[in-house]
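Enquirer: Below is one structure. I have some questions about it.
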Amino acid sequence: MSSSLYAHEHEQNPLIPPRRRGDWPDAVAYQEALQNPATHIGDQELSQARVATGRGGLPLAYSGRFAVVFRLEMPDGTSWALRCFTSPDQIAERFLHWQGVAGYAEALTPALVPVRCLEKGVLVGGRWYSAVAMPWVEGEPLLAFVERNRHRPEALRRLAASLDRLLLRLEDFGVAHGDWQHDNMFVADDGRSVTLVDYDGFFAPEWSGGAHAAEVGHPNYQHPGRRPEHFGVGLDRFACASLRTALLALAREPALLDRFSDGESLVFTRADFVAPDTSPAFATVRALAASGDEDLREALDALEAACREPGPRLSPAAPSIAPVPEVGRWAREAPHRAAAAPRSAIPPLGAGRRRARVRTDGNAPGALSLLRPRPYRARLALEVAAGRERRNLGGVRRYLAAGALVLTLAVWGLGWTFLTGLLFASFGYWFLTGFYLNWPRKRLADLLHEEMGRLHYEVLACEAQRRAARLRLRMVGAAEATGDSSAPGLVEAARARLRQIPVSRALALPGVRRDAVRALRRGGVETAADVLAHPEGGLEALPGGGRGAAAQEARLRLWGRELLAFHEEEQRRLLSPRLALKAEIEALERGIAARHARMRELRDEWRDYPDASLTAYLWRALHRADPVEDSAGSDGTSGGSAL
Amino acid sequence: MAYTAEINRAKPTAFFFLIDQSGSMDDPYGLESNKRKCDAVADVINRLLSTLVLRCAKGEDVRDYFQVGVVGYGGAVRQGFSGPLANRQFVPISEVADNPLRVEQRMRKEDDGAGSLVERPVRFPVWFEPYANGNTPMTAAIEETRRAVQAWCELYPLSYPPSVINISDGEPTDGNPLPAAEALKQVGTNDGKILFYNIHISGSAKRPIEFPDSEIGLPDEFAQRLFEMSSVLPPRLVEEARREGFGATERSRGFAFNADLRSLIQFLDIGTRTAELR
């Protein structure tokens with residue numbers, strides 16, 4: 001079949017990705033292309049890689065639902081995963097999604113792996129397709145790890161604890177992975193560390209408010225009531241509960257794996273979650289738990305309770321300290337977010353924050369400023385509610401008491417010597433780094449400052465880019481002083497596109513009949529371009545009699561003209577550097593405005609932020625009148641021992 | 001609801017290909033092409049097998065979500081696989097992946113992304129060899145298929161039903177295949193009857209007819225008979241066909257007449273899409 005399979009693509013403009021699914025490369029096409037990485041990978045660095053091969057010297061592929069992954073081995077010994085998209089459905093949105101994930105992936109290593117989005121990824125049939133590259137995750141897929149360690153209960157329990165920590169870490173950032181399952185989780189360090197891959201269903205705070213998940217995860221690990229609308233923090237809780245219960249049960253009874261796992265699950269499957277009361281897996285685990293395993297019983301109770309809920313339980317979007325996405329993203333996203341309504345009765349703080357930002361872009365009604373949420377303060381409230389401040393203060397009290405005692409004894413015994421001075425200094429150092437800098441109020445204040453600083457530098461960078469773009473625009477303007485939108489090349493290219501659109505597509509128009517299309521074909525009208533090329537009234541072959549035929553003809557012509565206009569516009573957009581530059585400048589300006597607005601908000605927030613100075617800290621630590629703080633004493637050990 | 005069974009290793013699904021290997025497959029495919037029909041069909045089947053293998057691939061591990069059978073008919077009905085897979089009716093996809101007849105080096109001419117054509121060698125696994133000889137015993141082949149598929153369905157009663165795909169370029173020489181096809185279409189699993197697709201490949205440059213929903217408009221009695229033999233598309237596949245730009249309706253059948261190479265590939269791609277894989 002050779003090149004004839006993709007021969008039709010050569011006629012098209014390589015800048016425009018094909019729209020039809022049949023034209024999109026499938027896994028085999030990517031596998032063929034990657035047999036020559038040097039010429040077929042667009043990234044300079046990655047094109048030096050060797051592609052890992054298997055049977056018959058063919059590149060090894062890992063197929064997923066939307067993508068196929070290949071392993072690239074670099075000359076320096078590192079490995080990369082190259083993820084190629086195998087379906088054109090919403091490809092632009094999906095690529096944007098991965099770009100959005102990139103910031104979080106970087107910040108959340110090693111729970112996630114950094115992502116590199118390649119706009120010019122892989123060359124297939126003369127056209128570049130975007131792809132995503134990630135460092136290859138060493139480690140063992142979860143199921144393989146469990147199978148290998150089934151007779152080591154301590155390893156399974158350790159893995160269960162790691163999953164708990166993983167969930168906390170993601171939720172701390174206000175994100176969710178969305179598809180915890182055996183193929184997406186890699187275990188390393190004997191169960192101490194778990195890394196997630198495949199971020200198609202990833203949730204990040206900036207997508208809250210109306211956005212849907214691109215996929216609903218593996219059914220054997222997800223709540224049976226999960227729908228694409230469930231998209232928020234807490235998405236991974238059910239999968240975590242089911243995996244934890246399964247692991248704790250396996251730690252007690254390794255035979256469960258042979259009995260219940262079919263290679264697509266550990267112990268439980270979707271059918272068990274649908275009917276926990278009649279499921280044999282649940283009955284067996286319940287019997288195990290009854291034999292005195294408290295952890296297992298607790299995990300099982302939580303899982304059963306979750307199964308009985310109508311759907312996965314999500315938190316209202318928590319305010320998060322999100323890394324600011326790259327230039328242009330705010331600008332593109334802000335309008336949708338403004339329109340999106342909050343999803344739950346409790347207005348999600350994150351969504352509210354975005355609404356406020358958009359308002360400040362335009363004319364902010366002053367009265368609303370009172371209601372404007374404060375993400376860092378809200379986050380602080382969450383931390384206080386979670387008891388972190390209490391633990392920190394309780395810890396420091398014990399520490400100060402112990403420190404004062406030791407120092408007094410030392411000074412009493414030794415007098416003021418170099419040794420006591422050193423002791424004093426080290427106590428002071430531990431006090432600062434161990435307690436004060438970890439005080440939630442201080443930590444969040446630092447993060448707030450950090451974000452302000454980062455925004456400042458981003459604004460400077462955007463302004464520099466804008467200056468450069470303006471300069472280029474001036475140069476292009478001089479070069480194509482006469483270059484206007486009616487350039488003949490544009491119209492020609494648009495007509496070439498139309499020649500590839502079969503007239504049968506017109507069947508989707510109301511009033512155009514099937515036999516009409518057949519009649520048109522008989523008359524030699526095969527494509528949309530032919531419809532336009534025909535002289536007025538020349539489509540008289542259309543069935544349906546005089547008026548019916550005329551109406552159909554008018555409709556078809558309108559269709560042809562609209563298509564032509566659409567493609568002309570598209571060509572113009574893609575081919576004219578002027579317009580591209582203008583759009584770039586506009587995007588940059590929107591980015592700058594959005595960042596200014598965000599900075600204003602942060603400054604406002606800083607004004608209301610409670611005092612986080614060292615004096616305030618000491619005062620709070622030593623002031624014991626507050627009843628809330630009195631109760632903290634009992635629990636202070638954990639903070640103290642953390643030192 | 002039928003045609004919704006999840007496909008996993010315990011409940012695989014099957015693809016069964018019936019390939020016309022009669023003497024007429026020696027003719028060129030299309031007017032402009034210098035390729036023989038049997039060569040083109042063999043290439044397409046080999047590529048399709050690669051696609052099916054990759055859909056199940058997780059690195060070295062190829063998961064047995066599919067089983068594949070190939071039968072050829074030209075002069076007589078014969079097994080399509082040869083070499084290590086010979087004399088097997090249904091082969092798990094992992095064994096297919098492990099046992100190609102050979103991996104050929106083919107020269108592929110393609111655009112280098114900058115507008116010029118370059119040639120480069122590409123590895124191409126081959127499982128199925130072109131062959132063209134004798135008459136067209138389609139009815140016998142369908143009966144043979146029915147026996148094989150029935151046995152398979154008894155083994156996997158809970159699976160997504162097998163898809164049977166018949167590729168031919170002419171009329172059968174051993175009588176009316178319609179009764180045999182009707183009997184074949186009665187076979188099924190708990191998840192629905194088997195899906196029988198028919199593809200008539202053209203020697204002419206006429207426009208193909210894909211997924212028709214009535215026999216009106218089909219050029220001759222033979223085409224109408226093939227239409228009648230084909231299964232009505234399940235709703236999910238109707239949707240897939242529409243997304244590909246075909247004008248399919250809920251009464252459309254899995255039938256293509258006068259298919260050219262491009263529509264043959266597209267048709268096979270749609271025909272081998274199944275419920276979600278995991």
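Here, A, B, ... name the chains of the structure tokens in the order displayed, residue numbers run from 1 inside each chain, and ligands are numbered from 1 in the same displayed order.
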Quick one: everything within 12 Å of A:Gly453, counting only C-alpha atoms, minus sequence neighbours fewer than 6 positions away in the same chain. Send it as an MDAnalysis selection string.
Expert: chainID A and resid 324 446:447 459:460 595:596 598:599 602:603
Enquirer: For the residues selected in the previous step, produce a file with N, CA and C atoms as a compact mmCIF listing (two decimals), in the first residue's frame.
Expert:
# COMPACT_ATOMS: atom_id res chain seq x y z
N VAL A 324 1.44 29.68 37.76
CA VAL A 324 0.76 30.47 36.74
C VAL A 324 1.09 29.90 35.37
N ASP A 446 4.93 33.76 52.51
CA ASP A 446 6.09 33.66 51.61
C ASP A 446 5.66 33.29 50.21
N LEU A 447 4.72 32.33 50.12
CA LEU A 447 4.25 31.90 48.80
C LEU A 447 3.56 33.06 48.08
N VAL A 459 5.41 39.77 33.79
CA VAL A 459 4.94 40.97 33.09
C VAL A 459 6.09 41.59 32.31
N LEU A 460 7.25 41.64 32.95
CA LEU A 460 8.41 42.19 32.25
C LEU A 460 8.72 41.37 31.00
N ARG A 595 -2.34 39.53 34.23
CA ARG A 595 -1.36 39.46 35.31
C ARG A 595 -1.42 40.70 36.21
N HIS A 596 -1.64 41.86 35.57
CA HIS A 596 -1.80 43.07 36.39
C HIS A 596 -2.97 42.92 37.33
N ARG A 598 -4.27 40.22 38.44
CA ARG A 598 -3.94 39.26 39.49
C ARG A 598 -3.04 39.92 40.54
N MET A 599 -2.13 40.77 40.10
CA MET A 599 -1.24 41.43 41.06
C MET A 599 -2.02 42.38 41.95
N LEU A 602 -3.63 40.35 44.51
CA LEU A 602 -2.69 39.86 45.52
C LEU A 602 -2.31 40.99 46.47
N ARG A 603 -2.16 42.20 45.92
CA ARG A 603 -1.82 43.33 46.80
C ARG A 603 -2.95 43.57 47.78
Enquirer: Please, which residues in chain B fall within 8 Å of chain A when counting only C-alpha atoms, and what is the closest atom pair and distance in Å to one decimal for each, ordered by chain then residue number, as CSV?
Expert:
residue,atom,partner,partner_atom,distance
B:Asn8,CA,A:Glu264,CA,7.5
B:Arg9,CA,A:Gly263,CA,7.6
B:Ala10,CA,A:Asp262,CA,7.0
B:Ala40,CA,A:Met1,CA,6.3
B:Asp43,CA,A:Met1,CA,5.7
B:Val44,CA,A:Met1,CA,6.8
B:Arg47,CA,A:Val28,CA,7.7
B:Ser50,CA,A:Val28,CA,6.6
B:Thr51,CA,A:Val28,CA,5.8
B:Leu54,CA,A:Ala27,CA,6.5
B:Arg55,CA,A:Ser63,CA,5.8
B:Cys56,CA,A:Ser63,CA,6.7
B:Ala57,CA,A:Tyr62,CA,5.5
B:Lys58,CA,A:Tyr62,CA,4.1
B:Gly59,CA,A:Tyr62,CA,5.0
B:Glu60,CA,A:Gly54,CA,6.6
B:Ala97,CA,A:Arg55,CA,7.8
B:Asp98,CA,A:Arg55,CA,6.9
B:Val103,CA,A:Gly56,CA,6.1
B:Arg106,CA,A:Ser2,CA,8.0
B:Met107,CA,A:Ser2,CA,7.7
B:Arg108,CA,A:Ser2,CA,5.7
B:Lys109,CA,A:Ser3,CA,5.8
B:Glu110,CA,A:Gly125,CA,6.0
B:Asp111,CA,A:Gly126,CA,4.1
B:Asp112,CA,A:Gly126,CA,5.4
B:Gly113,CA,A:Gly126,CA,4.5
B:Ala114,CA,A:Gly126,CA,7.7
B:Gly115,CA,A:Gly126,CA,7.4
B:Val122,CA,A:Glu32,CA,6.5
B:Arg123,CA,A:Leu58,CA,6.9
B:Pro125,CA,A:Gly56,CA,7.6
B:Arg243,CA,A:Arg21,CA,7.4
B:Glu244,CA,A:Arg21,CA,5.8
B:Gly245,CA,A:Arg505,CA,7.0
B:Gly247,CA,A:Leu507,CA,7.2
B:Arg262,CA,A:Leu5,CA,7.0
B:Gln266,CA,A:Gly22,CA,6.4
B:Leu277,CA,A:Arg65,CA,7.7
B:Arg278,CA,A:Glu264,CA,7.5
Enquirer: Determine the nearest neighbour of B:Arg78 from the options B:Phe66, B:Phe196, B:Tyr131, B:Tyr3, counting only C-alpha atoms.
Expert: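 Of the candidates, the smallest distance to B:Arg78 is held by B:Tyr131.
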Enquirer: So, counting only C-alpha atoms, which residue among B:Gly83, B:Asp191, B:Leu264, B:Thr272 is closest to B:Leu52?
Expert: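 Among the listed residues, the smallest separation from B:Leu52 belongs to B:Thr272.
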Enquirer: Which of stretch 1-235 of chain B counts as helix (DSSP H, G or I) under DSSP, as JSON, numbers by chain please?
Expert: {"B": [23, 24, 25, 26, 37, 38, 39, 40, 41, 42, 43, 44, 45, 46, 47, 48, 49, 50, 51, 52, 53, 54, 55, 83, 84, 85, 93, 94, 95, 96, 97, 98, 138, 139, 140, 141, 142, 143, 144, 145, 146, 147, 148, 149, 150, 151, 152, 153, 154, 155, 178, 179, 180, 181, 182, 183, 184, 185, 186, 221, 222, 223, 224, 225, 226, 227, 228, 229, 235]}
Enquirer: In Å to one decimal, how far is atom CA of A:Glu171 from atom CA of A:Pro135?
Expert: 23.6 Å
Enquirer: Quick one: of A:Thr408, A:Asn392, A:Thr420, A:Thr284, who's nearest to A:Phe435, counting only C-alpha atoms?
Expert: A:Asn392
Enquirer: Do you know which residues are at most 10 Å from B:Thr249 counting only C-alpha atoms, after dropping those on the same chain fewer than 4 positions away, and could you put them as a PyMOL selection string?
Expert: chain B and resi 211-213+232-233+235+238-239+241-242+253
Enquirer: For A:Thr269, work out the shell of residues within 12 Å, counting only C-alpha atoms and skipping chain neighbours fewer than 4 positions away, then give it as a ChimeraX atom specification.
Expert: /A:181,218-224,239,242-243,246,260-265,273-276,279-282,307
Enquirer: Can you tell me which residues surround stretch 157-166 of chain B at a distance of at most 6 Å, considering only C-alpha atoms, apart from same-chain residues fewer than 6 positions away, and format the answer as a PDB file with N, CA and C atoms, in the first residue's frame?
Expert:
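What ended up in selection.pdb:
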ATOM      1  N   ALA B   5     -20.550  -5.282  25.287  1.00  0.00           N
ATOM      2  CA  ALA B   5     -19.685  -6.027  26.205  1.00  0.00           C
ATOM      3  C   ALA B   5     -18.294  -5.407  26.230  1.00  0.00           C
ATOM      4  N   LYS B  11     -12.590 -11.979  28.189  1.00  0.00           N
ATOM      5  CA  LYS B  11     -13.670 -11.921  27.209  1.00  0.00           C
ATOM      6  C   LYS B  11     -13.174 -11.243  25.927  1.00  0.00           C
ATOM      7  N   THR B  13     -12.630 -10.569  21.788  1.00  0.00           N
ATOM      8  CA  THR B  13     -13.513 -10.661  20.637  1.00  0.00           C
ATOM      9  C   THR B  13     -12.692 -11.191  19.466  1.00  0.00           C
ATOM     10  N   ALA B  14     -13.386 -11.513  18.352  1.00  0.00           N
ATOM     11  CA  ALA B  14     -12.682 -12.151  17.235  1.00  0.00           C
ATOM     12  C   ALA B  14     -12.966 -11.419  15.935  1.00  0.00           C
ATOM     13  N   PHE B  15     -11.971 -11.446  15.056  1.00  0.00           N
ATOM     14  CA  PHE B  15     -12.148 -10.944  13.685  1.00  0.00           C
ATOM     15  C   PHE B  15     -11.854 -12.078  12.739  1.00  0.00           C
ATOM     16  N   PHE B  16     -12.740 -12.272  11.790  1.00  0.00           N
ATOM     17  CA  PHE B  16     -12.556 -13.360  10.835  1.00  0.00           C
ATOM     18  C   PHE B  16     -12.619 -12.761   9.442  1.00  0.00           C
ATOM     19  N   PHE B  17     -11.551 -12.968   8.683  1.00  0.00           N
ATOM     20  CA  PHE B  17     -11.503 -12.386   7.344  1.00  0.00           C
ATOM     21  C   PHE B  17     -11.679 -13.475   6.294  1.00  0.00           C
ATOM     22  N   LEU B  18     -12.556 -13.204   5.324  1.00  0.00           N
ATOM     23  CA  LEU B  18     -12.743 -14.084   4.177  1.00  0.00           C
ATOM     24  C   LEU B  18     -12.195 -13.340   2.965  1.00  0.00           C
ATOM     25  N   GLY B 188     -24.198 -16.125  17.273  1.00  0.00           N
ATOM     26  CA  GLY B 188     -23.870 -14.950  18.086  1.00  0.00           C
ATOM     27  C   GLY B 188     -23.505 -15.329  19.501  1.00  0.00           C
ATOM     28  N   THR B 189     -23.177 -14.314  20.297  1.00  0.00           N
ATOM     29  CA  THR B 189     -22.919 -14.508  21.721  1.00  0.00           C
ATOM     30  C   THR B 189     -24.059 -13.850  22.486  1.00  0.00           C
ATOM     31  N   ASN B 190     -23.966 -13.846  23.814  1.00  0.00           N
ATOM     32  CA  ASN B 190     -25.002 -13.189  24.612  1.00  0.00           C
ATOM     33  C   ASN B 190     -25.063 -11.695  24.330  1.00  0.00           C
ATOM     34  N   ASP B 191     -23.999 -11.174  23.767  1.00  0.00           N
ATOM     35  CA  ASP B 191     -23.937  -9.727  23.545  1.00  0.00           C
ATOM     36  C   ASP B 191     -24.464  -9.344  22.159  1.00  0.00           C
ATOM     37  N   ILE B 194     -23.354 -12.107  15.392  1.00  0.00           N
ATOM     38  CA  ILE B 194     -22.090 -11.710  14.770  1.00  0.00           C
ATOM     39  C   ILE B 194     -22.359 -10.606  13.740  1.00  0.00           C
ATOM     40  N   LEU B 195     -21.327  -9.844  13.434  1.00  0.00           N
ATOM     41  CA  LEU B 195     -21.454  -8.769  12.451  1.00  0.00           C
ATOM     42  C   LEU B 195     -20.785  -9.222  11.161  1.00  0.00           C
ATOM     43  N   PHE B 196     -21.554  -9.260  10.079  1.00  0.00           N
ATOM     44  CA  PHE B 196     -21.039  -9.748   8.801  1.00  0.00           C
ATOM     45  C   PHE B 196     -20.910  -8.556   7.844  1.00  0.00           C
ATOM     46  N   TYR B 197     -19.680  -8.256   7.483  1.00  0.00           N
ATOM     47  CA  TYR B 197     -19.432  -7.150   6.562  1.00  0.00           C
ATOM     48  C   TYR B 197     -19.043  -7.709   5.203  1.00  0.00           C
ATOM     49  N   ASN B 198     -19.496  -7.061   4.155  1.00  0.00           N
ATOM     50  CA  ASN B 198     -19.096  -7.464   2.811  1.00  0.00           C
ATOM     51  C   ASN B 198     -18.504  -6.277   2.083  1.00  0.00           C
TER      52      ASN B 198
END
Enquirer: Residues near A:Ala283, anyone? I mean within 12 Å using only C-alpha atoms, not counting same-chain ones fewer than 3 positions away, as a PyMOL selection string.
Expert: chain A and resi 249+256+267-268+272+275-280+286-290+300+304
Enquirer: May I ask for the distance between atom CA of A:Leu112 and atom CA of A:Val197, given in Å to one decimal place?
Expert: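 Interatomic distance, atom CA of A:Leu112 to atom CA of A:Val197: 6.6 Å.
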Enquirer: Residues at most 10 Å from stretch 136-141 of chain B, counting only C-alpha atoms, excluding those fewer than 5 positions away in the same chain, as number ranges by chain?
Expert: B: 18-24, 71-78, 146, 166, 168-181
Enquirer: The selected residues should be written to file as a PDB file, in the first residue's frame (atoms: N, CA and C atoms).
Expert:
ATOM      1  N   LEU B  18     -12.556 -13.204   5.324  1.00  0.00           N
ATOM      2  CA  LEU B  18     -12.743 -14.084   4.177  1.00  0.00           C
ATOM      3  C   LEU B  18     -12.195 -13.340   2.965  1.00  0.00           C
ATOM      4  N   ILE B  19     -11.168 -13.883   2.358  1.00  0.00           N
ATOM      5  CA  ILE B  19     -10.524 -13.150   1.274  1.00  0.00           C
ATOM      6  C   ILE B  19     -10.701 -13.897  -0.043  1.00  0.00           C
ATOM      7  N   ASP B  20     -11.230 -13.201  -1.008  1.00  0.00           N
ATOM      8  CA  ASP B  20     -11.381 -13.766  -2.356  1.00  0.00           C
ATOM      9  C   ASP B  20      -9.989 -13.930  -2.965  1.00  0.00           C
ATOM     10  N   GLN B  21      -9.673 -15.149  -3.407  1.00  0.00           N
ATOM     11  CA  GLN B  21      -8.368 -15.366  -4.043  1.00  0.00           C
ATOM     12  C   GLN B  21      -8.552 -15.982  -5.425  1.00  0.00           C
ATOM     13  N   SER B  22      -9.707 -15.684  -6.044  1.00  0.00           N
ATOM     14  CA  SER B  22      -9.981 -16.266  -7.361  1.00  0.00           C
ATOM     15  C   SER B  22      -9.110 -15.597  -8.424  1.00  0.00           C
ATOM     16  N   GLY B  23      -9.141 -16.172  -9.633  1.00  0.00           N
ATOM     17  CA  GLY B  23      -8.262 -15.709 -10.707  1.00  0.00           C
ATOM     18  C   GLY B  23      -8.405 -14.230 -11.021  1.00  0.00           C
ATOM     19  N   SER B  24      -9.637 -13.706 -10.855  1.00  0.00           N
ATOM     20  CA  SER B  24      -9.846 -12.311 -11.238  1.00  0.00           C
ATOM     21  C   SER B  24      -9.098 -11.336 -10.323  1.00  0.00           C
ATOM     22  N   VAL B  71      -9.376 -16.774   6.157  1.00  0.00           N
ATOM     23  CA  VAL B  71      -9.665 -17.863   5.234  1.00  0.00           C
ATOM     24  C   VAL B  71      -9.642 -17.290   3.831  1.00  0.00           C
ATOM     25  N   GLY B  72      -9.014 -17.991   2.903  1.00  0.00           N
ATOM     26  CA  GLY B  72      -9.022 -17.529   1.513  1.00  0.00           C
ATOM     27  C   GLY B  72      -9.862 -18.464   0.665  1.00  0.00           C
ATOM     28  N   TYR B  73     -10.488 -17.929  -0.372  1.00  0.00           N
ATOM     29  CA  TYR B  73     -11.186 -18.827  -1.304  1.00  0.00           C
ATOM     30  C   TYR B  73     -10.836 -18.464  -2.736  1.00  0.00           C
ATOM     31  N   GLY B  74     -10.229 -19.413  -3.413  1.00  0.00           N
ATOM     32  CA  GLY B  74      -9.881 -19.288  -4.821  1.00  0.00           C
ATOM     33  C   GLY B  74      -9.603 -20.698  -5.274  1.00  0.00           C
ATOM     34  N   GLY B  75     -10.482 -21.263  -6.112  1.00  0.00           N
ATOM     35  CA  GLY B  75     -10.373 -22.677  -6.444  1.00  0.00           C
ATOM     36  C   GLY B  75     -10.946 -23.513  -5.307  1.00  0.00           C
ATOM     37  N   ALA B  76     -10.429 -23.357  -4.120  1.00  0.00           N
ATOM     38  CA  ALA B  76     -10.964 -24.068  -2.950  1.00  0.00           C
ATOM     39  C   ALA B  76     -10.848 -23.151  -1.740  1.00  0.00           C
ATOM     40  N   VAL B  77     -11.439 -23.588  -0.618  1.00  0.00           N
ATOM     41  CA  VAL B  77     -11.320 -22.807   0.606  1.00  0.00           C
ATOM     42  C   VAL B  77     -10.038 -23.228   1.313  1.00  0.00           C
ATOM     43  N   ARG B  78      -9.190 -22.261   1.669  1.00  0.00           N
ATOM     44  CA  ARG B  78      -7.928 -22.633   2.332  1.00  0.00           C
ATOM     45  C   ARG B  78      -7.619 -21.661   3.470  1.00  0.00           C
ATOM     46  N   ARG B 146     -18.998 -20.215   9.180  1.00  0.00           N
ATOM     47  CA  ARG B 146     -20.061 -20.381  10.174  1.00  0.00           C
ATOM     48  C   ARG B 146     -19.669 -21.435  11.201  1.00  0.00           C
ATOM     49  N   ASN B 166     -15.831 -10.050   4.696  1.00  0.00           N
ATOM     50  CA  ASN B 166     -15.663 -10.755   3.430  1.00  0.00           C
ATOM     51  C   ASN B 166     -15.233  -9.748   2.367  1.00  0.00           C
ATOM     52  N   SER B 168     -14.301  -9.366  -1.607  1.00  0.00           N
ATOM     53  CA  SER B 168     -14.408 -10.107  -2.860  1.00  0.00           C
ATOM     54  C   SER B 168     -14.499  -9.137  -4.026  1.00  0.00           C
ATOM     55  N   ASP B 169     -14.211  -9.636  -5.241  1.00  0.00           N
ATOM     56  CA  ASP B 169     -14.328  -8.740  -6.391  1.00  0.00           C
ATOM     57  C   ASP B 169     -15.298  -9.276  -7.425  1.00  0.00           C
ATOM     58  N   GLY B 170     -16.000 -10.374  -7.113  1.00  0.00           N
ATOM     59  CA  GLY B 170     -16.880 -10.879  -8.161  1.00  0.00           C
ATOM     60  C   GLY B 170     -17.938 -11.811  -7.629  1.00  0.00           C
ATOM     61  N   GLU B 171     -18.728 -12.376  -8.555  1.00  0.00           N
ATOM     62  CA  GLU B 171     -19.838 -13.229  -8.149  1.00  0.00           C
ATOM     63  C   GLU B 171     -19.327 -14.597  -7.749  1.00  0.00           C
ATOM     64  N   PRO B 172     -19.979 -15.226  -6.768  1.00  0.00           N
ATOM     65  CA  PRO B 172     -19.583 -16.584  -6.400  1.00  0.00           C
ATOM     66  C   PRO B 172     -19.886 -17.568  -7.531  1.00  0.00           C
ATOM     67  N   THR B 173     -19.125 -18.633  -7.607  1.00  0.00           N
ATOM     68  CA  THR B 173     -19.332 -19.632  -8.648  1.00  0.00           C
ATOM     69  C   THR B 173     -19.957 -20.893  -8.078  1.00  0.00           C
ATOM     70  N   ASP B 174     -20.279 -20.905  -6.785  1.00  0.00           N
ATOM     71  CA  ASP B 174     -20.856 -22.137  -6.232  1.00  0.00           C
ATOM     72  C   ASP B 174     -22.253 -21.884  -5.664  1.00  0.00           C
ATOM     73  N   GLY B 175     -23.040 -21.149  -6.443  1.00  0.00           N
ATOM     74  CA  GLY B 175     -24.441 -20.990  -6.069  1.00  0.00           C
ATOM     75  C   GLY B 175     -24.686 -19.752  -5.231  1.00  0.00           C
ATOM     76  N   ASN B 176     -25.948 -19.620  -4.794  1.00  0.00           N
ATOM     77  CA  ASN B 176     -26.383 -18.431  -4.065  1.00  0.00           C
ATOM     78  C   ASN B 176     -25.833 -18.446  -2.635  1.00  0.00           C
ATOM     79  N   PRO B 177     -25.028 -17.452  -2.258  1.00  0.00           N
ATOM     80  CA  PRO B 177     -24.464 -17.459  -0.908  1.00  0.00           C
ATOM     81  C   PRO B 177     -25.436 -16.955   0.154  1.00  0.00           C
ATOM     82  N   LEU B 178     -26.618 -16.470  -0.277  1.00  0.00           N
ATOM     83  CA  LEU B 178     -27.515 -15.808   0.676  1.00  0.00           C
ATOM     84  C   LEU B 178     -27.946 -16.734   1.827  1.00  0.00           C
ATOM     85  N   PRO B 179     -28.401 -17.995   1.545  1.00  0.00           N
ATOM     86  CA  PRO B 179     -28.811 -18.850   2.674  1.00  0.00           C
ATOM     87  C   PRO B 179     -27.658 -19.105   3.654  1.00  0.00           C
ATOM     88  N   ALA B 180     -26.471 -19.334   3.098  1.00  0.00           N
ATOM     89  CA  ALA B 180     -25.323 -19.571   3.991  1.00  0.00           C
ATOM     90  C   ALA B 180     -25.057 -18.342   4.849  1.00  0.00           C
ATOM     91  N   ALA B 181     -25.177 -17.152   4.229  1.00  0.00           N
ATOM     92  CA  ALA B 181     -24.936 -15.909   4.965  1.00  0.00           C
ATOM     93  C   ALA B 181     -25.988 -15.718   6.048  1.00  0.00           C
TER      94      ALA B 181
END
Enquirer: Between B:Val53, B:Ile216, B:Val149, B:Ala223, single out the one closest to B:Lys193, counting only C-alpha atoms.
Expert: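 Nearest to B:Lys193: B:Val149.
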Enquirer: Give me every strand (DSSP E or B) residue in stretch 90-235 of chain B, going by DSSP on the backbone, as a ChimeraX atom specification.
Expert: /B:91-92,102-111,117-126,163-168,188-189,192-193,195-201,209-210,232
